[in-house]
Structures are given as C-alpha cells and as structure tokens.
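Asks: This is the content of upload-v3.cif (mmCIF, C-alpha atoms and all ligand atoms; chains and numbers go by the auth columns):
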```
data_model
#
loop_
_atom_site.group_PDB
_atom_site.id
_atom_site.type_symbol
_atom_site.label_atom_id
_atom_site.label_comp_id
_atom_site.label_asym_id
_atom_site.label_seq_id
_atom_site.Cartn_x
_atom_site.Cartn_y
_atom_site.Cartn_z
_atom_site.B_iso_or_equiv
_atom_site.auth_seq_id
_atom_site.auth_asym_id
ATOM 1 C CA MET A 1 2.185 -24.218 -13.613 0.00 1007 A
ATOM 2 C CA ASN A 2 1.016 -20.586 -13.634 0.00 1008 A
ATOM 3 C CA LYS A 3 2.693 -17.759 -11.750 0.00 1009 A
ATOM 4 C CA LYS A 4 -0.142 -17.562 -9.202 0.00 1010 A
ATOM 5 C CA GLU A 5 0.598 -21.081 -8.006 0.00 1011 A
ATOM 6 C CA GLU A 6 4.295 -20.342 -7.682 0.00 1012 A
ATOM 7 C CA ILE A 7 3.946 -17.093 -5.712 0.00 1013 A
ATOM 8 C CA ASP A 8 4.565 -17.541 -2.016 0.00 1014 A
ATOM 9 C CA VAL A 9 3.189 -14.943 0.414 0.00 1015 A
ATOM 10 C CA ARG A 10 5.157 -14.919 3.646 0.00 1016 A
ATOM 11 C CA ASP A 11 6.304 -12.711 6.549 0.00 1017 A
ATOM 12 C CA MET A 12 8.716 -9.982 5.580 0.00 1018 A
ATOM 13 C CA THR A 13 12.115 -10.476 7.223 0.00 1019 A
ATOM 14 C CA ILE A 14 14.916 -8.010 7.857 0.00 1020 A
ATOM 15 C CA ASP A 15 16.724 -9.375 4.795 0.00 1021 A
ATOM 16 C CA ASP A 16 13.794 -8.319 2.582 0.00 1022 A
ATOM 17 C CA LEU A 17 13.838 -4.640 3.562 0.00 1023 A
ATOM 18 C CA ALA A 18 16.112 -3.461 0.749 0.00 1024 A
ATOM 19 C CA ALA A 19 14.241 -5.427 -1.929 0.00 1025 A
ATOM 20 C CA VAL A 20 10.893 -4.071 -0.735 0.00 1026 A
ATOM 21 C CA PHE A 21 12.251 -0.536 -0.649 0.00 1027 A
ATOM 22 C CA HIS A 22 13.620 -0.763 -4.200 0.00 1028 A
ATOM 23 C CA LEU A 23 10.435 -2.350 -5.554 0.00 1029 A
ATOM 24 C CA GLY A 24 8.478 0.506 -3.989 0.00 1030 A
ATOM 25 C CA GLU A 25 10.821 3.021 -5.612 0.00 1031 A
ATOM 26 C CA LYS A 26 9.961 1.469 -8.994 0.00 1032 A
ATOM 27 C CA LEU A 27 6.232 1.680 -8.285 0.00 1033 A
ATOM 28 C CA PHE A 28 5.806 4.944 -6.406 0.00 1034 A
ATOM 29 C CA THR A 29 7.522 7.280 -8.839 0.00 1035 A
ATOM 30 C CA SER A 30 6.769 10.996 -8.984 0.00 1036 A
ATOM 31 C CA GLU A 31 5.008 10.425 -12.330 0.00 1037 A
ATOM 32 C CA PHE A 32 2.797 7.738 -10.809 0.00 1038 A
ATOM 33 C CA SER A 33 1.876 9.700 -7.690 0.00 1039 A
ATOM 34 C CA GLN A 34 3.468 12.766 -6.108 0.00 1040 A
ATOM 35 C CA SER A 35 2.090 11.922 -2.686 0.00 1041 A
ATOM 36 C CA MET A 36 3.190 8.284 -2.712 0.00 1042 A
ATOM 37 C CA TYR A 37 6.581 9.260 -4.136 0.00 1043 A
ATOM 38 C CA ARG A 38 7.115 11.731 -1.294 0.00 1044 A
ATOM 39 C CA THR A 39 6.095 9.416 1.506 0.00 1045 A
ATOM 40 C CA TRP A 40 7.755 6.170 0.381 0.00 1046 A
ATOM 41 C CA ASP A 41 11.135 5.928 2.092 0.00 1047 A
ATOM 42 C CA GLU A 42 13.233 3.464 4.037 0.00 1048 A
ATOM 43 C CA TYR A 43 11.997 4.821 7.408 0.00 1049 A
ATOM 44 C CA GLU A 44 8.411 4.102 6.437 0.00 1050 A
ATOM 45 C CA ILE A 45 9.224 0.442 5.875 0.00 1051 A
ATOM 46 C CA THR A 46 11.526 0.026 8.868 0.00 1052 A
ATOM 47 C CA SER A 47 9.115 1.687 11.277 0.00 1053 A
ATOM 48 C CA LEU A 48 6.199 -0.483 10.095 0.00 1054 A
ATOM 49 C CA PHE A 49 8.462 -3.524 10.271 0.00 1055 A
ATOM 50 C CA ASN A 50 9.508 -2.648 13.845 0.00 1056 A
ATOM 51 C CA THR A 51 6.016 -1.948 15.113 0.00 1057 A
ATOM 52 C CA GLU A 52 3.757 -4.164 12.973 0.00 1058 A
ATOM 53 C CA THR A 53 5.926 -7.131 12.034 0.00 1059 A
ATOM 54 C CA GLU A 54 2.923 -9.455 11.612 0.00 1060 A
ATOM 55 C CA LEU A 55 1.340 -7.059 9.126 0.00 1061 A
ATOM 56 C CA CYS A 56 4.401 -6.796 6.890 0.00 1062 A
ATOM 57 C CA LEU A 57 4.179 -9.376 4.106 0.00 1063 A
ATOM 58 C CA VAL A 58 6.056 -10.101 0.928 0.00 1064 A
ATOM 59 C CA ALA A 59 5.230 -12.091 -2.190 0.00 1065 A
ATOM 60 C CA GLU A 60 8.121 -14.170 -3.449 0.00 1066 A
ATOM 61 C CA LEU A 61 8.554 -15.775 -6.846 0.00 1067 A
ATOM 62 C CA GLU A 62 11.538 -17.965 -7.636 0.00 1068 A
ATOM 63 C CA GLY A 63 13.529 -16.431 -4.764 0.00 1069 A
ATOM 64 C CA GLU A 64 12.753 -12.822 -5.693 0.00 1070 A
ATOM 65 C CA ILE A 65 10.532 -10.317 -3.939 0.00 1071 A
ATOM 66 C CA VAL A 66 7.755 -9.406 -6.370 0.00 1072 A
ATOM 67 C CA GLY A 67 5.253 -7.786 -4.039 0.00 1073 A
ATOM 68 C CA PHE A 68 4.576 -6.470 -0.559 0.00 1074 A
ATOM 69 C CA ALA A 69 1.738 -5.466 1.725 0.00 1075 A
ATOM 70 C CA LEU A 70 2.416 -3.313 4.772 0.00 1076 A
ATOM 71 C CA GLY A 71 -0.285 -2.540 7.296 0.00 1077 A
ATOM 72 C CA THR A 72 -1.010 -1.300 10.765 0.00 1078 A
ATOM 73 C CA THR A 73 -3.940 -1.146 13.171 0.00 1079 A
ATOM 74 C CA VAL A 74 -5.606 1.792 14.865 0.00 1080 A
ATOM 75 C CA GLU A 75 -7.660 1.654 18.044 0.00 1081 A
ATOM 76 C CA LYS A 76 -9.864 4.529 19.114 0.00 1082 A
ATOM 77 C CA GLN A 77 -10.512 5.439 22.707 0.00 1083 A
ATOM 78 C CA ASN A 78 -14.166 4.935 23.672 0.00 1084 A
ATOM 79 C CA SER A 79 -14.795 2.772 20.609 0.00 1085 A
ATOM 80 C CA ALA A 80 -15.127 -0.972 20.312 0.00 1086 A
ATOM 81 C CA TRP A 81 -13.886 -0.747 16.753 0.00 1087 A
ATOM 82 C CA LYS A 82 -10.370 -1.624 15.773 0.00 1088 A
ATOM 83 C CA TYR A 83 -9.350 -0.477 12.322 0.00 1089 A
ATOM 84 C CA GLY A 84 -6.827 -2.031 10.007 0.00 1090 A
ATOM 85 C CA TYR A 85 -4.968 0.342 7.735 0.00 1091 A
ATOM 86 C CA LEU A 86 -3.415 -1.173 4.634 0.00 1092 A
ATOM 87 C CA VAL A 87 -0.732 1.450 4.202 0.00 1093 A
ATOM 88 C CA TRP A 88 1.131 0.101 1.180 0.00 1094 A
ATOM 89 C CA ILE A 89 0.577 -2.668 -1.327 0.00 1095 A
ATOM 90 C CA GLY A 90 2.572 -3.162 -4.486 0.00 1096 A
ATOM 91 C CA VAL A 91 3.355 -5.794 -7.104 0.00 1097 A
ATOM 92 C CA ARG A 92 6.214 -5.777 -9.597 0.00 1098 A
ATOM 93 C CA PRO A 93 4.996 -4.118 -12.821 0.00 1099 A
ATOM 94 C CA GLY A 94 5.475 -7.127 -15.138 0.00 1100 A
ATOM 95 C CA LEU A 95 3.523 -9.374 -12.767 0.00 1101 A
ATOM 96 C CA GLN A 96 0.540 -7.162 -12.063 0.00 1102 A
ATOM 97 C CA LYS A 97 -2.934 -8.597 -12.719 0.00 1103 A
ATOM 98 C CA GLY A 98 -1.528 -12.048 -12.063 0.00 1104 A
ATOM 99 C CA GLY A 99 -3.125 -12.532 -8.655 0.00 1105 A
ATOM 100 C CA ALA A 100 -0.209 -11.579 -6.367 0.00 1106 A
ATOM 101 C CA GLY A 101 -1.932 -8.451 -5.045 0.00 1107 A
ATOM 102 C CA GLN A 102 -5.011 -10.454 -4.131 0.00 1108 A
ATOM 103 C CA GLN A 103 -2.922 -13.144 -2.426 0.00 1109 A
ATOM 104 C CA LEU A 104 -1.171 -10.470 -0.351 0.00 1110 A
ATOM 105 C CA PHE A 105 -4.472 -8.842 0.533 0.00 1111 A
ATOM 106 C CA VAL A 106 -6.161 -12.117 1.548 0.00 1112 A
ATOM 107 C CA GLU A 107 -3.294 -12.890 3.935 0.00 1113 A
ATOM 108 C CA ILE A 108 -3.099 -9.426 5.502 0.00 1114 A
ATOM 109 C CA ARG A 109 -6.905 -9.367 5.904 0.00 1115 A
ATOM 110 C CA HIS A 110 -6.720 -12.756 7.646 0.00 1116 A
ATOM 111 C CA ARG A 111 -4.060 -11.443 10.010 0.00 1117 A
ATOM 112 C CA MET A 112 -6.014 -8.266 10.724 0.00 1118 A
ATOM 113 C CA ILE A 113 -9.146 -10.302 11.512 0.00 1119 A
ATOM 114 C CA GLU A 114 -7.083 -12.391 13.941 0.00 1120 A
ATOM 115 C CA GLN A 115 -6.027 -9.138 15.630 0.00 1121 A
ATOM 116 C CA GLY A 116 -9.665 -8.105 16.089 0.00 1122 A
ATOM 117 C CA VAL A 117 -9.929 -5.661 13.204 0.00 1123 A
ATOM 118 C CA ARG A 118 -13.525 -4.869 12.161 0.00 1124 A
ATOM 119 C CA MET A 119 -12.889 -2.542 9.244 0.00 1125 A
ATOM 120 C CA ILE A 120 -9.987 -2.120 6.830 0.00 1126 A
ATOM 121 C CA VAL A 121 -9.226 1.266 5.328 0.00 1127 A
ATOM 122 C CA ILE A 122 -7.006 2.167 2.429 0.00 1128 A
ATOM 123 C CA ASP A 123 -6.132 5.394 0.715 0.00 1129 A
ATOM 124 C CA THR A 124 -4.685 6.166 -2.671 0.00 1130 A
ATOM 125 C CA ASP A 125 -4.641 8.912 -5.271 0.00 1131 A
ATOM 126 C CA ALA A 126 -7.994 9.707 -6.863 0.00 1132 A
ATOM 127 C CA ASP A 127 -6.429 9.117 -10.303 0.00 1133 A
ATOM 128 C CA ASN A 128 -4.931 5.720 -9.425 0.00 1134 A
ATOM 129 C CA GLU A 129 -7.559 3.998 -11.552 0.00 1135 A
ATOM 130 C CA GLY A 130 -5.868 0.595 -11.512 0.00 1136 A
ATOM 131 C CA GLY A 131 -5.451 0.659 -7.743 0.00 1137 A
ATOM 132 C CA ILE A 132 -9.054 1.750 -7.198 0.00 1138 A
ATOM 133 C CA LYS A 133 -10.373 -1.006 -9.500 0.00 1139 A
ATOM 134 C CA PHE A 134 -8.239 -3.500 -7.567 0.00 1140 A
ATOM 135 C CA PHE A 135 -9.605 -2.366 -4.190 0.00 1141 A
ATOM 136 C CA LYS A 136 -13.188 -2.416 -5.503 0.00 1142 A
ATOM 137 C CA LYS A 137 -12.659 -5.982 -6.750 0.00 1143 A
ATOM 138 C CA LEU A 138 -11.588 -6.897 -3.232 0.00 1144 A
ATOM 139 C CA GLY A 139 -14.805 -5.481 -1.795 0.00 1145 A
ATOM 140 C CA PHE A 140 -13.861 -1.947 -0.752 0.00 1146 A
ATOM 141 C CA ASP A 141 -16.630 0.606 -1.178 0.00 1147 A
ATOM 142 C CA LYS A 142 -17.926 3.940 0.210 0.00 1148 A
ATOM 143 C CA MET A 143 -15.184 5.851 -1.577 0.00 1149 A
ATOM 144 C CA GLN A 144 -14.604 9.335 -0.171 0.00 1150 A
ATOM 145 C CA GLN A 145 -12.325 11.930 -1.719 0.00 1151 A
ATOM 146 C CA HIS A 146 -9.924 13.844 0.444 0.00 1152 A
ATOM 147 C CA VAL A 147 -7.679 16.730 -0.439 0.00 1153 A
ATOM 148 C CA TYR A 148 -3.895 16.589 -0.368 0.00 1154 A
ATOM 149 C CA MET A 149 -2.073 19.921 -0.256 0.00 1155 A
ATOM 150 C CA THR A 150 1.545 21.024 -0.018 0.00 1156 A
ATOM 151 C CA LEU A 151 3.334 24.067 1.312 0.00 1157 A
ATOM 152 C CA ASN A 152 6.676 24.658 -0.329 0.00 1158 A
ATOM 153 C CA LEU A 153 8.947 26.070 2.377 0.00 1159 A
ATOM 154 C CA SER A 154 11.847 26.700 0.027 0.00 1160 A
ATOM 155 C CA LYS A 155 9.993 29.418 -1.924 0.00 1161 A
ATOM 156 C CA PRO A 156 10.614 33.006 -0.750 0.00 1162 A
ATOM 157 C CA LYS A 157 7.537 34.449 0.951 0.00 1163 A
ATOM 158 C CA LYS A 158 5.559 37.017 -1.001 0.00 1164 A
ATOM 159 C CA PRO A 159 5.849 40.410 0.667 0.00 1165 A
ATOM 160 C CA ARG A 160 2.623 41.341 2.490 0.00 1166 A
ATOM 161 C CA LYS A 161 0.675 44.283 1.171 0.00 1167 A
ATOM 162 C CA ALA A 162 1.028 47.305 3.437 0.00 1168 A
ATOM 163 C CA ARG A 163 -2.197 48.227 5.217 0.00 1169 A
ATOM 164 C CA VAL A 164 -3.369 51.755 4.629 0.00 1170 A
HETATM 165 C C1 LIG B . -2.775 -2.398 -7.059 0.00 1201 B
HETATM 166 C C2 LIG B . -1.870 -3.634 -7.208 0.00 1201 B
HETATM 167 C C3 LIG B . -1.188 -3.920 -5.873 0.00 1201 B
HETATM 168 C C4 LIG B . -2.747 -4.831 -7.606 0.00 1201 B
HETATM 169 O O1 LIG B . -1.945 -5.993 -7.600 0.00 1201 B
HETATM 170 P P1 LIG B . -2.154 -7.126 -8.734 0.00 1201 B
HETATM 171 O O2 LIG B . -1.284 -8.260 -8.421 0.00 1201 B
HETATM 172 O O3 LIG B . -2.001 -6.449 -10.049 0.00 1201 B
HETATM 173 O O4 LIG B . -3.701 -7.474 -8.521 0.00 1201 B
HETATM 174 P P2 LIG B . -4.420 -8.893 -8.797 0.00 1201 B
HETATM 175 O O5 LIG B . -3.874 -9.484 -10.030 0.00 1201 B
HETATM 176 O O6 LIG B . -4.365 -9.721 -7.567 0.00 1201 B
HETATM 177 O O7 LIG B . -5.898 -8.384 -9.058 0.00 1201 B
HETATM 178 C C5 LIG B . -7.017 -8.691 -8.231 0.00 1201 B
HETATM 179 C C6 LIG B . -8.261 -8.223 -8.968 0.00 1201 B
HETATM 180 O O8 LIG B . -8.168 -6.800 -9.220 0.00 1201 B
HETATM 181 C C7 LIG B . -8.195 -6.548 -10.622 0.00 1201 B
HETATM 182 N N1 LIG B . -7.212 -5.528 -10.983 0.00 1201 B
HETATM 183 C C8 LIG B . -5.945 -5.420 -10.533 0.00 1201 B
HETATM 184 N N2 LIG B . -5.331 -4.398 -11.139 0.00 1201 B
HETATM 185 C C9 LIG B . -6.230 -3.861 -11.987 0.00 1201 B
HETATM 186 C C10 LIG B . -6.189 -2.787 -12.926 0.00 1201 B
HETATM 187 N N3 LIG B . -5.083 -2.051 -13.092 0.00 1201 B
HETATM 188 N N4 LIG B . -7.295 -2.514 -13.657 0.00 1201 B
HETATM 189 C C11 LIG B . -8.423 -3.251 -13.508 0.00 1201 B
HETATM 190 N N5 LIG B . -8.537 -4.298 -12.633 0.00 1201 B
HETATM 191 C C12 LIG B . -7.437 -4.591 -11.895 0.00 1201 B
HETATM 192 C C13 LIG B . -7.775 -7.849 -11.284 0.00 1201 B
HETATM 193 O O9 LIG B . -8.228 -7.966 -12.591 0.00 1201 B
HETATM 194 C C14 LIG B . -8.365 -8.879 -10.339 0.00 1201 B
HETATM 195 O O10 LIG B . -9.733 -9.057 -10.623 0.00 1201 B
HETATM 196 P P3 LIG B . -10.288 -10.524 -11.068 0.00 1201 B
HETATM 197 O O11 LIG B . -10.121 -11.364 -9.833 0.00 1201 B
HETATM 198 O O12 LIG B . -11.679 -10.267 -11.456 0.00 1201 B
HETATM 199 O O13 LIG B . -9.391 -10.964 -12.171 0.00 1201 B
HETATM 200 C C15 LIG B . -0.812 -3.422 -8.342 0.00 1201 B
HETATM 201 O O14 LIG B . -1.463 -3.086 -9.533 0.00 1201 B
HETATM 202 C C16 LIG B . 0.215 -2.353 -8.021 0.00 1201 B
HETATM 203 O O15 LIG B . 1.275 -2.632 -7.477 0.00 1201 B
HETATM 204 N N6 LIG B . -0.094 -1.099 -8.375 0.00 1201 B
HETATM 205 C C17 LIG B . 0.827 0.017 -8.137 0.00 1201 B
HETATM 206 C C18 LIG B . 0.892 0.384 -6.659 0.00 1201 B
HETATM 207 C C19 LIG B . -0.452 0.817 -6.125 0.00 1201 B
HETATM 208 O O16 LIG B . -1.207 1.510 -6.765 0.00 1201 B
HETATM 209 N N7 LIG B . -0.747 0.404 -4.869 0.00 1201 B
HETATM 210 C C20 LIG B . -1.974 0.751 -4.205 0.00 1201 B
HETATM 211 C C21 LIG B . -1.831 1.958 -3.343 0.00 1201 B
HETATM 212 S S1 LIG B . -0.636 1.750 -2.021 0.00 1201 B
#
```
What would the structure in this file look like if it were written as structure tokens?
Replies:
Amino acid sequence: MNKKEEIDVRDMTIDDLAAVFHLGEKLFTSEFSQSMYRTWDEYEITSLFNTETELCLVAELEGEIVGFALGTTVEKQNSAWKYGYLVWIGVRPGLQKGGAGQQLFVEIRHRMIEQGVRMIVIDTDADNEGGIKFFKKLGFDKMQQHVYMTLNLSKPKKPRKARV
C-alpha cells in the first residue's frame, strides 16, 4: 500500500492544534520565507479554527499529523462573488510530493464550493518555486506579483535634515 492510500484527510480538531502549529514551524522558517515565518503563529491557527472550522483540515498518517490546509471565505458587498482564500497549506517535508497536498486541496475546494465560493485565491512568496508549481498543477493561473515591505520600528529614526 502506498502512502497516498494511507493518508486520511479529515476535520482539524482542538487536539490537533499543537501538532499543526509545530509542523508549520518546521515549514515556515525564516530561511524558507520571512513573510510566512513572521505571520505563522498560534493565534493564526486558533482564530481560523474558531471562525472557519469547516475549512480547517489535517492530513493524518498512522496517527500523526502530516499536513494541514487552513482557509477562509470573503464576501464583497455589492458583488455576487464569494471568494475562498486558502491561507495556509503544508505537508511534512519527508512526505512532500506524495499526494497529501493535493488530497488536502481537493477536500478544501469541495468544502468551499459547498459554501458558494466561485474563485479560490492563494498567495505565497515569489521565490517559493515548489509551492507555485504545486498551485499551477492544481489549476491556479493569472499569477500577479505583489510587494511585501517592512518597517522596522526598533531602529532609531534618522535625524531629519534641517531646512534652510
Ligand atoms: C506546497 C505543498 C503543500 C505541496 O504538497 P505536496 O504533498 O508536496 O504536493 P502533492 O504531492 O500533492 O503534489 C501535487 C502536484 O504538484 C506537484 N508538486 C508538488 N510540489 C512540487 C514541487 N516542489 N516541485 C514541482 N512540482 C511539485 C506534484 O508533482 C504533483 O503533480 P503531479 O500530480 O503531476 O504528480 C508542500 O510542498 C509544502 O508543504 N510546501 C511548503 C509550504 C508551502 O510552500 N505552502 C504553500 C504556501 S502556504
């Protein structure tokens, strides 16, 4: 039996929160992505779990959490469109390219469709080549680049030049 057949995608439960958090810490390191490293924290998972329970999924293999997909939906005023936002998806490093990510995506897409979603959006770093190839394989297209900037508030401000 291959790993794909053994992986079970199911609802995330409160008992899975710690395992999902720690798996994310392994994936979203500062070397992998500064932006994902900065925004992955326990509040991110708990708030999605509290508000979007149906869109919080885990992949389980032999009793261990090996993947997760966490999403939400966005509705615009004056628009018939409901958007699904796949906020986080991750698979344990040793098991990547084994089909778990796709299984998670197929299930979350199914759930979003049931909730009336007409378009799914994702975002990731421009240099996350593996992630981008994965999303393209799943049918995502019309890639647009956006800029991510930071303002370091702990640095002393440069003195302003005096106006003459
Ligand atoms: C992106 C990620 C979730 C994909 O999960 P996965 O279990 O490895 O993906 P799958 O095995 O289901 O792959 C599905 C398809 O995408 C392709 N794919 C997945 N990762 C790929 C990679 N790094 N390079 C090229 N193709 C890739 C697979 O080959 C497969 O295509 P196929 O059906 O033609 O074989 C996983 O690599 C991961 O956790 N990455 C780090 C976290 C991340 O970047 N998350 C996305 C932003 S939140």
Asks: Would you mind listing the residues within 6 Å of ligand LIG 1201 (chain B), counting all atoms listed in the file, as a PyMOL selection string?
Replies: chain A and resi 1033+1094-1097+1102-1108+1130+1136-1137+1139-1140+1143
Asks: What gap, in Å, lies between atom CA of Met1018 of chain A and atom CA of Thr1059 of chain A?
Replies: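 Computing it gives 7.6 Å between the two atoms.
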Asks: Written as a VMD selection string, which residues does the PyMOL selection byres (((chain A and resi 1111-1125) around 6) and not hetatm) give for the file shown?
Replies: chain A and resid 1088 to 1090 1108 to 1110 1126
Asks: Go through the shown structure with the PyMOL selection byres (((chain A and resi 1152-1164) around 12) and not hetatm) and write out the matching residues as number ranges by chain.
Replies: A: 1039-1042, 1044, 1129-1132, 1149-1151, 1165-1167
Asks: Near Leu1029 of chain A, within 8 Å and counting all atoms listed in the file, which residues show up once chain neighbours fewer than 3 positions away are dropped, as an MDAnalysis selection string?
Replies: chainID A and resid 1025:1026 1032:1033 1072:1073 1096 1098
Asks: Could you tell me which residues the PyMOL selection byres (((chain A and resi 1050) around 12) and not hetatm) returns for this structure, as a PyMOL selection string?
Replies: chain A and resi 1023+1026-1027+1030+1042-1049+1051-1058+1062+1076-1078+1093-1094
Asks: Would you mind telling me which residue in A:Val1064, A:Ala1168, A:Ser1036, A:Leu1101 lies nearest to Asp1021 of chain A when using all atoms listed in the file?
Replies: A:Val1064
Asks: Which one is closest to Ala1065 of chain A: A:Leu1144, A:Ile1013, A:Ala1086, A:Ile1128? Count only C-alpha atoms.
Replies: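 Of all the options, A:Ile1013 lies closest to Ala1065 of chain A.
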Asks: Take atom CA of Leu1063 of chain A and atom CA of Asp1133 of chain A and report the distance between them in Å, one decimal.
Replies: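 The value is 25.7 Å.
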Asks: Quick one, how far is atom CA of Lys1082 of chain A from atom CA of Asp1017 of chain A?
Replies: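 Between atom CA of Lys1082 of chain A and atom CA of Asp1017 of chain A the gap is 26.8 Å.
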Asks: Using all atoms of segment 1051-1058 of chain A listed in the file and a margin of 8 Å per side, can you give the axis-aligned box centre and edge lengths in Å to one decimal, as AutoDock Vina command-line options?
Replies:
```
--center_x 7.6 --center_y -1.2 --center_z 10.5 --size_x 23.8 --size_y 21.9 --size_z 25.2
```
Asks: Can you work out which one of A:Phe1146, A:Phe1141, A:Phe1034, A:Tyr1091 has the shortest atom-to-atom distance to Leu1061 of chain A, counting only C-alpha atoms?
Replies: A:Tyr1091
